[in-house]
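Accompanying notes for the structure given below.
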Amino acid sequence: MIMSMTEKAGNTLALIPDSGYSRSEYTGGKRTHGISWRCGLSHMNRQGELSPTLYYPVLGQEGSEKQAGDSVRFGFRVSMTDKGWYEAHKHAVYDIYSLGNFLALKHTTLPLYKRMEAIWDYILDDSLSFWRTAAYKGLTIGAQDYLGGVVEADRDAMKNSDIGASWMLASMTGDPRLTEDRLPYMRNFKLMQQAPAGDPNHGAAMGQYYLWKKQKFVEEWGDHIEPIGITYYTLMDLGNILLFERNDSLLRSSFRAGAERLLSLQQADGGFAVAYGKHDGKPLFTDLKDLRPTFYGFVVAYKLLGERKYLDAAVRGADWFARNAVDKGAFTGVCGDARLINDFATGQAVQALLDMHGLTGEARYRDAALRTARMYATSIYTHPTPGDREIEYKGRKMQEWQISQVGLCFEHGGCAGSAVKSGPILLTSHCGMFVRLYEETADRLFLDLARAAATAREAHLAPDTHMATYYWSQFDRGPGPFPHHAWWQLGWIADYVFAEAEMRSGRRISFPRGFMTPKVGPQRIFGFEPGTVYDEQANPIMVKGLFDADNTDIEILSALTTDRNRLFLILMNSTPRPQHTALTVHPAAIAGRRIGTASADDPATGRKITPGGDGAFGITLPGYGIQTLKFDLEQ
């Protein structure tokens with residue numbers, strides 16, 4: 001947050017420090033986050049009254065040591081509006097902290113489609129991604145080693161993350177290393193993760209992690225189950241698999257058991273307890289309310305099972321959540337290691353409420369979703385204003401914008417959250433949803449924040465694998481002890497780039513979305529059934545070697561008609577500046593296919609596009625423009 005403000009009777013009063021009073025993220029080759037504090041903000045003055053308050057300098061920090069007669073200069077704005085706090089927030093973001101200028105500086109050296117290919121390689125490298133299989137109750141289960149802290153673990157924890165993205169990648173690539181060597185064992189992990197019939201917790205996920213030495217499933221920081229854990233690791237995960245594996249009767253049976261278990265834990269008013277002891281069934285964390293989108297599990301259950309009781313439970317849950325969380329601006333999170341401080345689950349709540357609006361048509365859910373989205377937008381870093389100043393860190397010279405925090409979200413906030421020490425995270429699950437919110441509302445802030453987060457983030461990629469770090473403060477460390485984050489990275493990137501294609505094409509390009517992924521935010525998968533590309537049924541694909549392009553500021557996505565007779569290449573400019581690329585297509589990379597004619601069609605306009613003498617297509621795109629090429633294929 002870059003300002004202090006209060007709202008009363010429809011009027012907002014805000015104090016906003018001028019640009020330049022935030023600390024720079026790097027000074028003298030050193031990272032300053034969590035060390036240097038140049039400006040303090042409070043909603044309460046020193047008399048204990050609610051009033052926007054700024055402090056400069058911060059005692060004990062830079063510039064605070066003064067001698068008699070010294071002066072202090074501090075520039076700030078007093079802003080008043082009757083248009084609401086959110087408009088005051090946007091005034092600061094754009095008019096003072098110049099978000100648009102940051103976007104104009106960006107230049108991508110590794111487009112997101114190349115990052116998805118790098119993640120594909122990383123995931124299938126057992127030594128890098130720490131893939132492990134283990135025997136459990138007669139089945140072979142598979143996941144990745146987790147080297148962070150887990151109760152009872154002896155460096156033997158295993159974890160899966162974005163299950164939907166796993167099946168999505170297999171659908172887009174057809175890679176047998178996924179379909180044969182990964183997915184069957186991940187499926188078994190999900191089946192065994194659930195408490196079996198006869199267990200008092202039947203239907204609940206017994207923990208995110210499997211300890212292969214002790215042969216048991218555990219939670220991260222306690223011996224308990226959480227209703228939102230059922231929503232996550234039973235209903236959302238199994239629900240996404242079932243979109244691809246509709247005839248898997250064992251999965252469907254486990255899914256139904258989870259839905260029934262969640263139903264049994266819903267309280268009469270629609271809410272939930274935060275957690276229950278595994279062995280005694282008593283509520284835990286009773287000082288907290290479950291201000292999280294736990295009700296979303298019923299949305300998934302209703303969509304897959306079609307039974308009215310789940311829709312009724314979703315309505316009770318969503319109404320309770322709107323009254324107790326949205327109306328009060330109060331949210332809890334899903335990170336047990338930070339005692340459930342508000343986190344990315346708030347963004348997830350937006351999508352859950354939007355899905356409720358889609359199910360019921362009730363305007364109150366859309367209203368609650370948009371109010372929550374605006375609140376979550378204040379969790380996205382929009383300062384300090386990055387420029388093109390050269391900085392050096394760990395022996396690498398970069399421009400300031402390349403390593404900026406602007407556009408990124410935090411893992412969890414509050415005075416005890418990771419944001420204080422580690423800054424924001426590079427796992428920006430909200431990006432695709434923010435693009436869709438822009439479509440819904442025409443509110444430019446959502447679109448600009450998505451683009452600020454998603455594009456030109458190469459400074460935070462490990463040089464050897466192109467895998468993103470988790471915390472901003474870790475620079476280019478890569479996944480470190482959290483290799484499963486690769487799946488989440490793939491999921492949010494795919495959700496974002498295809499959301500851009502859908503939005504820019506006016507929905508002439510569109511693919512059905514599945515359910516959210518557990519824990520990290522509102523990203524959603526696709527690939528389980530065909531979508532449309534300019535009125536033709538098609539599936540998104542990833543094929544290495546399908547094309548070459550000489551401009552890294554242009555994203556290129558691929559789709560193939562269901563009869564495999566037409567190939568679509570979707571080109572998108574990632575900058576506000578015009579861009580040109582020379583595109584060479586190699587359709588023989590698709591097994592058994594070649595181009596029928598050398599020219600391509602533009603399905604948006606109907607005109608023919610012919611290659612140059614070198615066989616390359618010269619494509620020029622305006623700022624944030626889109627161009628689709630359609631090729632007829634033959635066997």
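Note on naming: chains are A, B, ... as they come in the structure tokens, residues start from 1 per chain, ligands start from 1 in the order shown.
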Problem - Non-local contacts of Arg594 of chain A (12 Å; only C-alpha atoms; under 6 positions in same chain excluded) as a PyMOL selection string - result: chain A and resi 546+564-567+585-588+631-635
Practice task
Run DSSP on the backbone and give me the residues of segment 188-434 of chain A it puts in strand (DSSP E or B), as a PyMOL selection string.
Solution key: chain A and resi 194+205+209-211+216-218+224-225+275-277+283-284+343+380+390-393+396-399+409+412+425
Problem - Surrounding residues of Lys90 of chain A excluding itself and chain neighbours under 5 positions, 12 Å, only C-alpha atoms, as a count of residues only - result: 27
Handout entry: Residue nearest Ala165 of chain A among A:His412, A:Arg504, A:His485, A:Arg115 (counting only C-alpha atoms)
Key = A:His485
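Compared by their closest atoms to Glu458 of chain A, and using only C-alpha atoms, the residues A:Gly149, A:Gly478, A:Gly606, A:Pro227 rank with A:Gly478 nearest.
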Exercise for the section: Just the residues within 10 Å of Gly618 of chain A, please, counting only C-alpha atoms, with nothing from its chain fewer than 3 positions along; format it as a PyMOL selection string. Expected result: chain A and resi 549+580-584+609-612+615
Practice task
Name all residues at most 7 Å from segment 131-133 of chain A (count only C-alpha atoms; drop same-chain ones fewer than 5 positions away) and give them as JSON, numbers by chain.
Solution key: {"A": [126, 140, 141, 142, 143, 144, 145]}
Exercise for the section: Point out the residue among A:Thr286, A:Thr231, A:Asn240, A:Thr12 with the least atom-to-atom distance to Val334 of chain A, counting only C-alpha atoms. Expected result: A:Thr231
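What separates atom CA of Thr469 of chain A from atom CA of Glu555 of chain A is a distance of 21.7 Å.
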Exercise for the section: Determine the nearest neighbour of Pro386 of chain A from the options A:Phe526, A:Phe568, A:Trp401, A:Phe475, counting only C-alpha atoms. Expected result: A:Trp401
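Distance check against Met572 of chain A using only C-alpha atoms: of A:Trp472, A:Phe515, A:Tyr310, A:Tyr113, the minimum falls on A:Tyr113.
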Exercise for the section: Give me, please, the distance in Å between atom CA of Gln402 of chain A and atom CA of Ala118 of chain A, quoted to one decimal. Expected result: 20.1 Å
Problem - Pro603 of chain A surroundings by only C-alpha atoms, 9 Å radius, close-in-sequence under 4 positions cut, as a ChimeraX atom specification - result: /A:533-534,607,628-630
Counting only C-alpha atoms, what is within 10 Å of segment 173-187 of chain A, bar same-chain residues fewer than 6 positions away, as a CSV table (one decimal) with N, CA, C and O atoms, in the first residue's frame?
```
chain,number,residue,atom,x,y,z
A,120,TRP,N,8.5,-27.4,-18.8
A,120,TRP,CA,8.2,-28.8,-19.3
A,120,TRP,C,9.5,-29.6,-19.2
A,120,TRP,O,9.5,-30.7,-18.7
A,123,ILE,N,10.4,-30.2,-15.4
A,123,ILE,CA,9.6,-31.2,-14.7
A,123,ILE,C,9.9,-32.6,-15.0
A,123,ILE,O,9.8,-33.5,-14.1
A,124,LEU,N,10.4,-32.8,-16.2
A,124,LEU,CA,10.7,-34.2,-16.6
A,124,LEU,C,12.2,-34.6,-16.4
A,124,LEU,O,12.6,-35.7,-16.8
A,131,TRP,N,11.8,-35.7,-8.5
A,131,TRP,CA,10.7,-36.6,-8.6
A,131,TRP,C,11.0,-37.9,-7.9
A,131,TRP,O,12.1,-38.4,-7.9
A,132,ARG,N,10.0,-38.4,-7.1
A,132,ARG,CA,10.2,-39.6,-6.3
A,132,ARG,C,8.9,-40.4,-6.4
A,132,ARG,O,7.8,-39.9,-6.4
A,133,THR,N,9.1,-41.7,-6.4
A,133,THR,CA,8.0,-42.6,-6.2
A,133,THR,C,8.2,-43.4,-4.9
A,133,THR,O,9.3,-43.6,-4.5
A,134,ALA,N,7.1,-43.9,-4.3
A,134,ALA,CA,7.2,-44.6,-3.1
A,134,ALA,C,6.0,-45.6,-3.0
A,134,ALA,O,5.0,-45.4,-3.6
A,139,LEU,N,0.1,-49.5,-3.6
A,139,LEU,CA,0.2,-48.7,-4.8
A,139,LEU,C,1.5,-48.0,-4.8
A,139,LEU,O,2.2,-47.7,-3.8
A,140,THR,N,1.9,-47.6,-6.0
A,140,THR,CA,3.1,-46.7,-6.2
A,140,THR,C,2.6,-45.3,-6.3
A,140,THR,O,1.8,-45.0,-7.2
A,141,ILE,N,3.0,-44.4,-5.4
A,141,ILE,CA,2.6,-43.1,-5.5
A,141,ILE,C,3.8,-42.2,-5.9
A,141,ILE,O,4.9,-42.6,-5.7
A,142,GLY,N,3.5,-41.0,-6.5
A,142,GLY,CA,4.6,-40.2,-7.0
A,142,GLY,C,4.3,-38.7,-6.6
A,142,GLY,O,3.2,-38.2,-6.7
A,143,ALA,N,5.4,-38.0,-6.3
A,143,ALA,CA,5.4,-36.6,-6.1
A,143,ALA,C,6.8,-36.1,-6.1
A,143,ALA,O,7.8,-36.9,-6.4
A,144,GLN,N,7.0,-34.9,-5.7
A,144,GLN,CA,8.4,-34.3,-5.7
A,144,GLN,C,8.8,-34.1,-4.3
A,144,GLN,O,8.0,-33.8,-3.4
A,159,LYS,N,5.5,-33.9,-2.1
A,159,LYS,CA,4.3,-33.0,-2.3
A,159,LYS,C,4.1,-32.8,-3.8
A,159,LYS,O,5.0,-32.7,-4.6
A,160,ASN,N,2.8,-32.8,-4.2
A,160,ASN,CA,2.3,-32.3,-5.5
A,160,ASN,C,1.7,-31.0,-5.3
A,160,ASN,O,1.3,-30.6,-4.2
A,163,ILE,N,-2.2,-29.9,-9.7
A,163,ILE,CA,-2.6,-31.2,-10.3
A,163,ILE,C,-3.3,-30.9,-11.7
A,163,ILE,O,-3.0,-31.6,-12.6
A,166,SER,N,-0.8,-30.3,-14.4
A,166,SER,CA,-0.2,-31.6,-14.8
A,166,SER,C,-0.9,-32.2,-15.9
A,166,SER,O,-0.3,-32.6,-17.0
A,167,TRP,N,-2.2,-32.4,-15.7
A,167,TRP,CA,-3.0,-33.0,-16.8
A,167,TRP,C,-3.2,-32.1,-18.0
A,167,TRP,O,-3.2,-32.5,-19.1
A,193,GLN,N,-4.1,-40.0,-0.5
A,193,GLN,CA,-4.0,-38.8,0.4
A,193,GLN,C,-5.3,-38.7,1.2
A,193,GLN,O,-5.3,-38.1,2.3
A,237,ASP,N,-8.6,-30.7,-6.6
A,237,ASP,CA,-7.6,-31.5,-7.3
A,237,ASP,C,-8.3,-32.7,-8.1
A,237,ASP,O,-8.1,-32.9,-9.3
A,238,LEU,N,-9.1,-33.4,-7.4
A,238,LEU,CA,-9.8,-34.5,-8.0
A,238,LEU,C,-10.7,-34.0,-9.1
A,238,LEU,O,-10.9,-34.7,-10.1
A,241,ILE,N,-8.8,-33.4,-12.2
A,241,ILE,CA,-8.4,-34.7,-12.9
A,241,ILE,C,-9.7,-35.3,-13.6
A,241,ILE,O,-9.6,-35.7,-14.7
A,251,LEU,N,-11.7,-42.4,-8.7
A,251,LEU,CA,-11.6,-41.0,-8.4
A,251,LEU,C,-12.9,-40.3,-8.1
A,251,LEU,O,-13.1,-39.5,-7.2
A,540,PRO,N,-5.7,-26.3,-27.6
A,540,PRO,CA,-4.4,-25.7,-27.4
A,540,PRO,C,-3.3,-26.8,-27.4
A,540,PRO,O,-3.5,-27.9,-26.9
A,541,ILE,N,-2.2,-26.5,-28.0
A,541,ILE,CA,-1.1,-27.4,-28.1
A,541,ILE,C,0.3,-26.8,-27.8
A,541,ILE,O,0.4,-25.5,-27.9
A,542,MET,N,1.2,-27.6,-27.4
A,542,MET,CA,2.6,-27.2,-27.2
A,542,MET,C,3.5,-28.2,-28.0
A,542,MET,O,3.5,-29.4,-27.7
A,543,VAL,N,4.2,-27.7,-29.0
A,543,VAL,CA,5.0,-28.6,-29.9
A,543,VAL,C,6.3,-27.9,-30.0
A,543,VAL,O,6.4,-26.8,-30.6
A,544,LYS,N,7.4,-28.5,-29.5
A,544,LYS,CA,8.7,-27.9,-29.7
A,544,LYS,C,9.1,-27.9,-31.1
A,544,LYS,O,8.9,-28.9,-31.8
```
Problem - Backbone-only DSSP, alpha helix (DSSP H) members of segment 298-493 of chain A, as a VMD selection string - result: chain A and resid 298 to 305 308 to 321 345 to 360 363 to 377 418 to 422 431 to 441 444 to 454 485 to 493
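Distance check against Gly432 of chain A using only C-alpha atoms: of A:Ala453, A:Ile570, A:Ala330, A:Ala338, the minimum falls on A:Ala453.
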Handout entry: Point-to-point distance from atom CA of Met158 of chain A to atom CA of Ile119 of chain A, Å rounded to tenths
Key = 19.2 Å
